[in-house]
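Next comes target16.txt, a file with compact mmCIF, C-alpha atoms (C1' of nucleotides).
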```txt
# COMPACT_ATOMS: atom_id res chain seq x y z
CA MET A 1 -81.55 123.78 -17.49
CA ASN A 2 -78.80 121.55 -18.84
CA ILE A 3 -77.32 118.55 -17.11
CA GLY A 4 -74.38 120.48 -15.68
CA ALA A 5 -76.61 122.95 -13.87
CA ALA A 6 -78.94 120.17 -12.75
CA ALA A 7 -75.95 118.28 -11.37
CA LYS A 8 -74.71 121.29 -9.46
CA ALA A 9 -78.17 122.09 -8.12
CA SER A 10 -78.91 118.51 -7.06
CA GLY A 11 -75.54 117.53 -5.70
CA LEU A 12 -75.27 114.59 -8.08
CA SER A 13 -72.66 114.37 -10.82
CA ALA A 14 -73.66 114.58 -14.47
CA LYS A 15 -72.29 111.07 -14.78
CA MET A 16 -74.63 109.79 -12.12
CA ILE A 17 -77.66 111.46 -13.67
CA ARG A 18 -76.93 109.90 -17.05
CA HIS A 19 -76.32 106.56 -15.38
CA TYR A 20 -79.57 106.69 -13.41
CA GLU A 21 -81.39 107.47 -16.64
CA SER A 22 -79.69 104.62 -18.48
CA ILE A 23 -80.82 102.05 -15.91
CA GLY A 24 -84.36 103.42 -15.87
CA LEU A 25 -84.18 104.87 -12.37
CA LEU A 26 -85.01 108.26 -13.86
CA PRO A 27 -87.30 108.79 -16.87
CA ALA A 28 -85.55 109.63 -20.13
CA GLY A 29 -87.06 113.13 -20.21
CA VAL A 30 -87.11 115.60 -23.05
CA ARG A 31 -84.18 116.74 -25.14
CA ALA A 32 -83.47 120.16 -26.61
CA ASP A 33 -83.07 120.47 -30.36
CA ASN A 34 -79.32 120.05 -30.02
CA GLY A 35 -79.75 116.75 -28.20
CA TYR A 36 -78.99 118.14 -24.74
CA ARG A 37 -80.99 116.83 -21.80
CA ARG A 38 -83.28 119.48 -20.28
CA TYR A 39 -84.31 119.55 -16.64
CA THR A 40 -87.21 121.36 -14.98
CA ALA A 41 -87.64 122.37 -11.37
CA ARG A 42 -89.79 119.27 -10.94
CA ASP A 43 -86.97 117.13 -12.27
CA LEU A 44 -84.66 118.76 -9.75
CA ASP A 45 -86.91 117.62 -6.91
CA THR A 46 -86.55 114.07 -8.13
CA LEU A 47 -82.77 114.36 -8.47
CA ARG A 48 -82.51 115.71 -4.93
CA PHE A 49 -84.74 112.92 -3.65
CA VAL A 50 -82.40 110.39 -5.18
CA ARG A 51 -79.36 112.11 -3.72
CA HIS A 52 -80.80 112.14 -0.22
CA ALA A 53 -81.72 108.49 -0.49
CA ARG A 54 -78.18 107.69 -1.66
CA GLU A 55 -76.78 109.60 1.29
CA LEU A 56 -78.70 107.25 3.55
CA GLY A 57 -77.10 104.30 1.81
CA PHE A 58 -80.16 102.99 0.01
CA PRO A 59 -79.16 100.93 -3.04
CA LEU A 60 -80.42 102.18 -6.37
CA GLU A 61 -82.87 99.30 -6.68
CA THR A 62 -84.50 100.31 -3.42
CA ILE A 63 -84.49 103.96 -4.47
CA ARG A 64 -86.45 102.84 -7.50
CA ASP A 65 -89.16 101.60 -5.12
CA LEU A 66 -88.92 104.68 -2.92
CA LEU A 67 -89.38 106.95 -5.91
CA SER A 68 -92.38 104.96 -7.00
CA LEU A 69 -93.95 105.24 -3.54
CA TRP A 70 -93.08 108.92 -3.33
CA GLN A 71 -94.99 109.59 -6.53
CA ASP A 72 -97.91 107.38 -5.57
CA GLN A 73 -100.58 109.36 -3.73
CA GLN A 74 -102.32 106.08 -2.82
CA ARG A 75 -99.24 104.62 -1.11
CA SER A 76 -99.36 103.28 2.41
CA SER A 77 -96.65 104.50 4.75
CA ALA A 78 -96.27 100.90 5.88
CA ASP A 79 -94.59 100.09 2.58
CA VAL A 80 -92.12 102.92 3.03
CA LYS A 81 -91.42 101.98 6.61
CA ARG A 82 -90.79 98.38 5.62
CA LEU A 83 -88.12 99.47 3.11
CA ALA A 84 -86.56 101.73 5.71
CA LEU A 85 -86.43 99.00 8.35
CA GLU A 86 -84.96 96.55 5.88
CA GLN A 87 -82.25 99.09 5.15
CA VAL A 88 -81.61 99.53 8.87
CA ALA A 89 -81.28 95.77 9.21
CA GLU A 90 -78.88 95.61 6.28
CA LEU A 91 -76.77 98.43 7.71
CA ASP A 92 -76.78 96.71 11.10
CA ARG A 93 -75.45 93.55 9.48
CA ARG A 94 -72.67 95.42 7.76
CA ILE A 95 -71.80 97.41 10.86
CA ALA A 96 -71.65 94.21 12.90
CA ASP A 97 -69.34 92.60 10.35
CA LEU A 98 -67.00 95.58 10.22
CA THR A 99 -67.02 95.98 13.99
CA ARG A 100 -66.09 92.36 14.50
CA MET A 101 -63.15 92.78 12.12
CA ARG A 102 -62.15 96.08 13.65
CA ASP A 103 -62.11 94.76 17.20
CA ALA A 104 -60.18 91.64 16.19
CA ILE A 105 -57.45 93.68 14.52
CA ALA A 106 -57.34 96.28 17.26
CA ALA A 107 -56.93 93.52 19.88
CA LEU A 108 -54.02 92.04 17.95
CA ALA A 109 -52.41 95.44 17.42
CA LEU A 110 -52.57 96.09 21.15
CA ARG A 111 -50.46 93.02 21.76
CA CYS A 112 -47.93 93.87 19.06
CA HIS A 113 -44.87 95.71 20.31
CA GLY A 114 -44.53 97.64 17.08
CA ASP A 115 -40.76 97.91 17.32
CA ALA A 116 -37.82 96.85 15.18
CA ARG A 117 -38.03 93.18 16.16
CA PRO A 118 -39.69 90.63 13.87
CA GLU A 119 -41.80 88.96 16.59
CA CYS A 120 -45.42 89.88 15.86
CA PRO A 121 -48.67 88.50 17.32
CA ILE A 122 -50.58 89.87 14.34
CA LEU A 123 -48.73 87.71 11.84
CA ASN A 124 -48.83 84.77 14.22
CA GLU A 125 -52.58 85.02 14.42
CA LEU A 126 -53.02 85.29 10.67
CA GLN A 127 -50.86 82.21 10.31
CA ALA A 128 -52.66 80.15 12.95
CA PRO A 129 -55.74 81.75 14.50
CA GLY A 130 -56.42 80.92 18.10
CA HIS A 131 -52.89 79.88 18.96
CA GLU A 132 -52.35 83.10 20.85
CA PRO A 133 -55.49 83.56 22.90
CA LYS A 134 -56.31 87.06 24.06
CA GLY A 135 -56.17 86.24 27.73
CA CYS A 136 -52.85 84.42 27.73
CA SER A 137 -51.27 84.25 31.13
CA HIS A 138 -47.83 85.80 30.72
CA MET B 1 -52.91 68.19 -4.01
CA ASN B 2 -55.08 69.77 -6.71
CA ILE B 3 -56.78 73.11 -6.50
CA GLY B 4 -60.11 71.66 -5.34
CA ALA B 5 -58.56 70.00 -2.31
CA ALA B 6 -56.47 73.09 -1.59
CA ALA B 7 -59.61 75.20 -1.76
CA LYS B 8 -61.47 72.96 0.63
CA ALA B 9 -58.54 72.80 3.02
CA SER B 10 -57.91 76.53 3.01
CA GLY B 11 -61.46 77.80 3.03
CA LEU B 12 -60.94 79.77 -0.17
CA SER B 13 -62.72 78.96 -3.41
CA ALA B 14 -60.79 77.60 -6.39
CA LYS B 15 -61.89 80.74 -8.21
CA MET B 16 -60.26 82.94 -5.60
CA ILE B 17 -57.02 80.96 -5.61
CA ARG B 18 -56.72 81.29 -9.40
CA HIS B 19 -57.58 84.97 -9.16
CA TYR B 20 -54.98 85.63 -6.46
CA GLU B 21 -52.41 83.89 -8.63
CA SER B 22 -53.42 85.91 -11.69
CA ILE B 23 -52.87 89.22 -9.90
CA GLY B 24 -49.55 88.07 -8.47
CA LEU B 25 -50.72 87.86 -4.87
CA LEU B 26 -49.70 84.21 -4.88
CA PRO B 27 -46.74 82.79 -6.83
CA ALA B 28 -47.60 80.85 -9.96
CA GLY B 29 -46.30 77.60 -8.49
CA VAL B 30 -45.65 74.32 -10.25
CA ARG B 31 -47.98 72.43 -12.55
CA ALA B 32 -48.43 68.71 -12.96
CA ASP B 33 -47.84 67.15 -16.39
CA ASN B 34 -51.50 67.54 -17.20
CA GLY B 35 -51.38 71.27 -16.49
CA TYR B 36 -53.14 71.06 -13.13
CA ARG B 37 -51.91 73.33 -10.35
CA ARG B 38 -50.27 71.43 -7.51
CA TYR B 39 -50.24 72.59 -3.90
CA THR B 40 -48.00 71.52 -1.05
CA ALA B 41 -48.59 71.78 2.69
CA ARG B 42 -46.46 74.94 2.63
CA ASP B 43 -48.72 76.42 -0.04
CA LEU B 44 -51.69 75.63 2.16
CA ASP B 45 -50.21 77.74 4.96
CA THR B 46 -50.05 80.67 2.59
CA LEU B 47 -53.60 80.13 1.39
CA ARG B 48 -54.85 80.02 4.96
CA PHE B 49 -52.91 83.15 5.81
CA VAL B 50 -54.65 84.95 2.97
CA ARG B 51 -58.03 83.69 4.03
CA HIS B 52 -57.56 84.87 7.61
CA ALA B 53 -56.41 88.28 6.43
CA ARG B 54 -59.49 88.52 4.16
CA GLU B 55 -61.71 87.60 7.09
CA LEU B 56 -60.33 90.63 8.91
CA GLY B 57 -61.27 92.79 5.94
CA PHE B 58 -57.79 93.56 4.67
CA PRO B 59 -57.84 94.47 0.96
CA LEU B 60 -55.81 92.24 -1.32
CA GLU B 61 -53.21 94.97 -1.88
CA THR B 62 -52.56 95.13 1.86
CA ILE B 63 -52.48 91.36 2.08
CA ARG B 64 -49.74 91.48 -0.51
CA ASP B 65 -47.70 93.55 1.95
CA LEU B 66 -48.65 91.36 4.89
CA LEU B 67 -47.55 88.24 3.03
CA SER B 68 -44.27 89.88 2.20
CA LEU B 69 -43.68 90.81 5.84
CA TRP B 70 -44.76 87.37 7.01
CA GLN B 71 -42.13 85.76 4.83
CA ASP B 72 -39.45 88.29 5.74
CA GLN B 73 -37.46 87.12 8.75
CA GLN B 74 -35.88 90.58 8.94
CA ARG B 75 -39.18 92.41 9.22
CA SER B 76 -39.94 94.80 12.02
CA SER B 77 -43.21 94.32 13.84
CA ALA B 78 -43.69 98.08 13.59
CA ASP B 79 -44.42 97.72 9.87
CA VAL B 80 -47.05 95.07 10.55
CA LYS B 81 -48.60 97.10 13.33
CA ARG B 82 -48.79 100.15 11.09
CA LEU B 83 -50.75 98.22 8.45
CA ALA B 84 -53.05 96.86 11.14
CA LEU B 85 -53.73 100.29 12.61
CA GLU B 86 -54.38 101.76 9.20
CA GLN B 87 -56.94 99.02 8.64
CA VAL B 88 -58.53 99.77 12.00
CA ALA B 89 -58.77 103.42 10.99
CA GLU B 90 -60.32 102.52 7.65
CA LEU B 91 -62.85 100.23 9.31
CA ASP B 92 -63.65 102.97 11.82
CA ARG B 93 -64.37 105.37 8.98
CA ARG B 94 -66.69 102.93 7.30
CA ILE B 95 -68.42 102.01 10.54
CA ALA B 96 -68.96 105.69 11.30
CA ASP B 97 -70.46 106.28 7.85
CA LEU B 98 -72.80 103.32 8.10
CA THR B 99 -73.79 104.16 11.65
CA ARG B 100 -74.68 107.71 10.69
CA MET B 101 -76.91 106.38 7.90
CA ARG B 102 -78.41 103.72 10.11
CA ASP B 103 -79.32 106.12 12.89
CA ALA B 104 -80.79 108.64 10.47
CA ILE B 105 -83.07 106.05 8.89
CA ALA B 106 -84.00 104.49 12.20
CA ALA B 107 -84.98 107.90 13.58
CA LEU B 108 -87.21 108.52 10.57
CA ALA B 109 -88.76 105.08 10.77
CA LEU B 110 -89.63 105.67 14.41
CA ARG B 111 -91.70 108.67 13.41
CA CYS B 112 -93.47 106.86 10.57
CA HIS B 113 -96.83 105.38 11.50
CA GLY B 114 -96.37 102.51 9.10
CA ASP B 115 -100.06 102.12 8.43
CA ALA B 116 -102.31 102.27 5.37
CA ARG B 117 -102.22 106.07 5.12
CA PRO B 118 -99.89 107.82 2.65
CA GLU B 119 -98.52 110.39 5.15
CA CYS B 120 -94.87 109.47 5.72
CA PRO B 121 -92.06 111.40 7.45
CA ILE B 122 -89.50 109.23 5.69
CA LEU B 123 -90.54 110.36 2.22
CA ASN B 124 -90.95 113.93 3.45
CA GLU B 125 -87.40 113.95 4.70
CA LEU B 126 -86.00 112.49 1.49
CA GLN B 127 -87.88 115.17 -0.40
CA ALA B 128 -86.74 118.07 1.80
CA PRO B 129 -84.25 117.21 4.53
CA GLY B 130 -84.47 119.21 7.72
CA HIS B 131 -88.07 120.31 7.22
CA GLU B 132 -89.23 117.85 9.84
CA PRO B 133 -86.72 118.22 12.65
CA LYS B 134 -86.40 115.34 15.07
CA GLY B 135 -87.42 117.35 18.07
CA CYS B 136 -90.48 119.03 16.62
CA SER B 137 -92.89 120.32 19.20
CA HIS B 138 -96.21 118.60 18.44
C1' DG C 1 -62.93 49.96 -24.93
C1' DC C 2 -66.56 53.10 -23.70
C1' DT C 3 -69.31 55.90 -20.82
C1' DT C 4 -70.10 58.76 -16.99
C1' DG C 5 -69.09 62.01 -13.64
C1' DA C 6 -65.99 64.74 -11.27
C1' DC C 7 -62.33 67.47 -11.74
C1' DC C 8 -59.26 70.68 -14.09
C1' DT C 9 -57.96 74.49 -17.68
C1' DT C 10 -58.72 79.31 -19.80
C1' DC C 11 -61.65 82.99 -21.08
C1' DC C 12 -65.47 86.11 -20.92
C1' DC C 13 -69.11 88.38 -18.48
C1' DA C 14 -71.74 90.17 -14.33
C1' DT C 15 -72.14 92.37 -10.00
C1' DG C 16 -72.79 98.03 -7.67
C1' DA C 17 -71.94 102.66 -8.10
C1' DT C 18 -68.93 105.64 -9.71
C1' DG C 19 -64.98 107.97 -12.09
C1' DG C 20 -61.97 108.75 -16.10
C1' DC C 21 -61.05 109.43 -20.66
C1' DA C 22 -61.63 109.90 -25.61
C1' DA C 23 -63.74 111.49 -29.86
C1' DG C 24 -66.86 114.42 -31.57
C1' DG C 25 -70.69 118.02 -31.70
C1' DA C 26 -72.77 122.62 -29.81
C1' DT C 27 -72.50 127.13 -27.93
C1' DG C 28 -71.00 131.59 -26.94
C1' DA C 29 -67.72 135.26 -26.32
C1' DA C 30 -63.49 137.72 -27.71
C1' DT D 1 -61.77 132.26 -36.31
C1' DT D 2 -60.49 130.59 -32.27
C1' DC D 3 -60.93 129.15 -27.78
C1' DA D 4 -63.17 127.64 -23.68
C1' DT D 5 -66.79 125.34 -21.96
C1' DC D 6 -70.43 122.49 -22.24
C1' DC D 7 -72.84 118.48 -24.11
C1' DT D 8 -73.15 113.63 -26.40
C1' DT D 9 -72.04 108.48 -26.50
C1' DG D 10 -69.09 104.74 -25.50
C1' DC D 11 -65.55 102.09 -23.44
C1' DC D 12 -62.60 100.91 -19.59
C1' DA D 13 -61.32 100.76 -14.51
C1' DT D 14 -62.33 100.08 -9.84
C1' DC D 15 -62.87 95.74 -5.91
C1' DA D 16 -63.46 90.91 -5.00
C1' DT D 17 -66.06 87.41 -6.34
C1' DG D 18 -69.29 84.25 -8.80
C1' DG D 19 -71.25 82.13 -13.03
C1' DG D 20 -70.85 79.75 -17.00
C1' DA D 21 -69.02 78.14 -21.50
C1' DA D 22 -65.95 75.14 -24.04
C1' DG D 23 -62.75 71.84 -23.71
C1' DG D 24 -59.04 68.65 -21.60
C1' DT D 25 -58.04 64.87 -17.86
C1' DC D 26 -58.77 61.20 -14.92
C1' DA D 27 -60.72 57.26 -12.42
C1' DA D 28 -64.38 54.04 -11.67
C1' DG D 29 -67.73 50.86 -13.45
C1' DC D 30 -69.66 48.24 -17.23
```
Kindly present the structure from the file in structure tokens form.
Amino acid sequence: MNIGAAAKASGLSAKMIRHYESIGLLPAGVRADNGYRRYTARDLDTLRFVRHARELGFPLETIRDLLSLWQDQQRSSADVKRLALEQVAELDRRIADLTRMRDAIAALALRCHGDARPECPILNELQAPGHEPKGCSH
Amino acid sequence: MNIGAAAKASGLSAKMIRHYESIGLLPAGVRADNGYRRYTARDLDTLRFVRHARELGFPLETIRDLLSLWQDQQRSSADVKRLALEQVAELDRRIADLTRMRDAIAALALRCHGDARPECPILNELQAPGHEPKGCSH
DNA sequence: GCTTGACCTTCCCATGATGGCAAGGATGAA
DNA sequence: TTCATCCTTGCCATCATGGGAAGGTCAAGC
């Protein structure tokens, strides 16, 4: 199986597979006589594992550790769980950041007339934050 | 006022200020005889505006538009509001993505014993998603 | 005057994960 | 033979930022 078929079967792009190999996330594997990379069904399992981990947002460096644990029959599930909970914490941080931004902008947009006039609380706030408090009395 | 003082006063780094200038987000401005960039109080307002927009997660390309509207006395607040709502929508997309990932990992972690044994629902799921449904009957 | 340290300049490189493109080789079918 | 499709490697781009080198400038202290 060449890289194109492996890409299609795994859901990764050929580019990604080559990249993962180049950074040592995937082993270099065997080549056909013509220099083409060859993939076995076992390799496909690994590619799919990587894809699923990517879909959960794990960074490649963490996937490196996950792969290593996956292939280690002596692993302790505590190590896996720790990586998972760290990822949850990281995602929570990013979600909190984005949510804070989102709510701040949405609150400003609510107060903006959005008509043809130039007066705009959004620009006012960007210019001088806090000068137009949310609960102003007019 | 040199770039260091402008950076400190605006909350941006000197690196960022030079970068914003290099991509045309900020005007090139005047230089002192020694080649140093000089910043006025007016320039500081612009730098702060950019910083506040960055804190709300606006990409630099959008900030370019926001700056242009800010300085345009003929603007319509509708244009500003549109940019703001587009940013809210973008943030909502990203929050939804991250939340989906977060919940998926958290659900797996809940089912993982996290002890010294190798058995691990997290790795099982990465290997073959859906083979261990959340509501399994044991 | 000289040294020292803090500041400034430009330029290049790195991040993280991916896509795009180019130049060239391999394969297979019409 | 030609053409399409696949493969190879390598470089560049993204986005926003930091790091660091190499060198110029300035002000204070000796």
Tell me, counting only C-alpha atoms (C1' of nucleotides), for each residue of chain C within 10 Å of range 10-26 of chain D, which pair of atoms is nearest and how far apart they are in Å to one decimal, in rows ordered by chain and increasing number, as JSON lines.
```
{"residue": "C:DA6", "atom": "C1'", "partner": "D:DC26", "partner_atom": "C1'", "distance": 8.8}
{"residue": "C:DC7", "atom": "C1'", "partner": "D:DC26", "partner_atom": "C1'", "distance": 7.9}
{"residue": "C:DC8", "atom": "C1'", "partner": "D:DT25", "partner_atom": "C1'", "distance": 7.0}
{"residue": "C:DT9", "atom": "C1'", "partner": "D:DG24", "partner_atom": "C1'", "distance": 7.1}
{"residue": "C:DT10", "atom": "C1'", "partner": "D:DG23", "partner_atom": "C1'", "distance": 9.3}
{"residue": "C:DC11", "atom": "C1'", "partner": "D:DA21", "partner_atom": "C1'", "distance": 8.8}
{"residue": "C:DC12", "atom": "C1'", "partner": "D:DA21", "partner_atom": "C1'", "distance": 8.7}
{"residue": "C:DC13", "atom": "C1'", "partner": "D:DG19", "partner_atom": "C1'", "distance": 8.6}
{"residue": "C:DA14", "atom": "C1'", "partner": "D:DG19", "partner_atom": "C1'", "distance": 8.2}
{"residue": "C:DT15", "atom": "C1'", "partner": "D:DT17", "partner_atom": "C1'", "distance": 8.7}
{"residue": "C:DT18", "atom": "C1'", "partner": "D:DT14", "partner_atom": "C1'", "distance": 8.6}
{"residue": "C:DG19", "atom": "C1'", "partner": "D:DA13", "partner_atom": "C1'", "distance": 8.4}
{"residue": "C:DG20", "atom": "C1'", "partner": "D:DA13", "partner_atom": "C1'", "distance": 8.2}
{"residue": "C:DC21", "atom": "C1'", "partner": "D:DC12", "partner_atom": "C1'", "distance": 8.7}
{"residue": "C:DA22", "atom": "C1'", "partner": "D:DC11", "partner_atom": "C1'", "distance": 9.0}
{"residue": "C:DA23", "atom": "C1'", "partner": "D:DG10", "partner_atom": "C1'", "distance": 9.7}
```
- Message: Between B:Lys8, B:His19, B:Ser13, B:Leu91, which residue has the minimum interatomic distance to chain A, considering only C-alpha atoms?
- Response: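 Ranking B:Lys8, B:His19, B:Ser13, B:Leu91 by distance to chain A, first place goes to B:Leu91.
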- Kindly give the distance, in Å, that separates CA of Asp45 in chain B and CA of Lys15 in chain B, rounded to a single decimal. 17.9 Å
- Can you work out which one of A:Ile23, A:Cys112, A:Ala32, A:Leu44 has the shortest atom-to-atom distance to chain D, counting only C-alpha atoms (C1' of nucleotides)? A:Ala32
Kindly provide, as a PDB file with C-alpha atoms, in the frame of the given file, the polymer residues lying within 12 Å of (-67.5, 105.1, 5.9), counting all atoms listed in the file and using the coordinates exactly as they appear in the file.
```pdb
ATOM      1  CA  GLU A  55     -76.780 109.600   1.290  1.00  0.00           C
ATOM      2  CA  LEU A  56     -78.700 107.250   3.550  1.00  0.00           C
ATOM      3  CA  GLY A  57     -77.100 104.300   1.810  1.00  0.00           C
ATOM      4  CA  LEU A  91     -76.770  98.430   7.710  1.00  0.00           C
ATOM      5  CA  ARG A  94     -72.670  95.420   7.760  1.00  0.00           C
ATOM      6  CA  ILE A  95     -71.800  97.410  10.860  1.00  0.00           C
ATOM      7  CA  LEU A  98     -67.000  95.580  10.220  1.00  0.00           C
TER       8      LEU A  98
ATOM      9  CA  ALA B  89     -58.770 103.420  10.990  1.00  0.00           C
ATOM     10  CA  GLU B  90     -60.320 102.520   7.650  1.00  0.00           C
ATOM     11  CA  LEU B  91     -62.850 100.230   9.310  1.00  0.00           C
ATOM     12  CA  ASP B  92     -63.650 102.970  11.820  1.00  0.00           C
ATOM     13  CA  ARG B  93     -64.370 105.370   8.980  1.00  0.00           C
ATOM     14  CA  ARG B  94     -66.690 102.930   7.300  1.00  0.00           C
ATOM     15  CA  ILE B  95     -68.420 102.010  10.540  1.00  0.00           C
ATOM     16  CA  ALA B  96     -68.960 105.690  11.300  1.00  0.00           C
ATOM     17  CA  ASP B  97     -70.460 106.280   7.850  1.00  0.00           C
ATOM     18  CA  LEU B  98     -72.800 103.320   8.100  1.00  0.00           C
ATOM     19  CA  THR B  99     -73.790 104.160  11.650  1.00  0.00           C
ATOM     20  CA  ARG B 100     -74.680 107.710  10.690  1.00  0.00           C
ATOM     21  CA  MET B 101     -76.910 106.380   7.900  1.00  0.00           C
ATOM     22  CA  ARG B 102     -78.410 103.720  10.110  1.00  0.00           C
TER      23      ARG B 102
END
```
Write out as JSON lines the residues of chain B that have any atom within 10 Å of an atom of chain C, one row each with the nearest atom pair and its distance in Å to one decimal, counting all atoms listed in the file, sorted by chain and then rising number.
```
{"residue": "B:Asn2", "atom": "CA", "partner": "C:DC8", "partner_atom": "C1'", "distance": 8.5}
{"residue": "B:Ile3", "atom": "CA", "partner": "C:DC8", "partner_atom": "C1'", "distance": 8.3}
{"residue": "B:Gly4", "atom": "CA", "partner": "C:DC7", "partner_atom": "C1'", "distance": 8.0}
{"residue": "B:Asn34", "atom": "CA", "partner": "C:DC8", "partner_atom": "C1'", "distance": 8.9}
{"residue": "B:Gly35", "atom": "CA", "partner": "C:DT9", "partner_atom": "C1'", "distance": 7.4}
{"residue": "B:Tyr36", "atom": "CA", "partner": "C:DC8", "partner_atom": "C1'", "distance": 6.2}
{"residue": "B:Arg37", "atom": "CA", "partner": "C:DC8", "partner_atom": "C1'", "distance": 8.7}
```
- 8 Å contacts from chain A to chain B using all atoms listed in the file, as a ChimeraX atom specification: /A:45-46,48-50,52-53,55-57,66,70,73-82,84-85,87-88,91-92,94-95,98-99,101-102,104-106,109,112-120,122-123,126-129
- Query: Expressed in Å to a single decimal, how great is the separation between CA of Glu61 in chain A and CA of Leu25 in chain A?
  - Reply: 8.1 Å
As a tab-separated table (two decimals) with C-alpha atoms (C1' of nucleotides), in the coordinates of the input, could you give me every residue of chain D near chain A (at most 10 Å apart, counting all atoms listed in the file)?
```
chain	number	residue	atom	x	y	z
D	6	DC	C1'	-70.43	122.49	-22.24
D	7	DC	C1'	-72.84	118.48	-24.11
D	8	DT	C1'	-73.15	113.63	-26.40
```
Give me the box for range 72-76 of chain A as AutoDock Vina command-line options, namely the centre and edge lengths in Å to one decimal of a box along x, y and z that holds every listed atom plus 6 Å on each side.
```
--center_x -100.1 --center_y 106.3 --center_z -1.6 --size_x 16.4 --size_y 18.1 --size_z 20.0
```
Tell me which residues come within 10 Å of (-45.1, 76.8, -6.8), as a PDB file with C-alpha atoms, in the coordinates of the input, counting only C-alpha atoms (C1' of nucleotides) in the file's coordinates.
```
ATOM      1  CA  LEU B  26     -49.700  84.210  -4.880  1.00  0.00           C
ATOM      2  CA  PRO B  27     -46.740  82.790  -6.830  1.00  0.00           C
ATOM      3  CA  ALA B  28     -47.600  80.850  -9.960  1.00  0.00           C
ATOM      4  CA  GLY B  29     -46.300  77.600  -8.490  1.00  0.00           C
ATOM      5  CA  VAL B  30     -45.650  74.320 -10.250  1.00  0.00           C
ATOM      6  CA  ARG B  31     -47.980  72.430 -12.550  1.00  0.00           C
ATOM      7  CA  ARG B  37     -51.910  73.330 -10.350  1.00  0.00           C
ATOM      8  CA  ARG B  38     -50.270  71.430  -7.510  1.00  0.00           C
ATOM      9  CA  TYR B  39     -50.240  72.590  -3.900  1.00  0.00           C
ATOM     10  CA  THR B  40     -48.000  71.520  -1.050  1.00  0.00           C
ATOM     11  CA  ARG B  42     -46.460  74.940   2.630  1.00  0.00           C
ATOM     12  CA  ASP B  43     -48.720  76.420  -0.040  1.00  0.00           C
TER      13      ASP B  43
END
```
- Quick one: distance from CA of Ala9 in chain B to C1' of DA28 in chain D in Å, one decimal?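 Distance reported for this atom pair: 24.5 Å.
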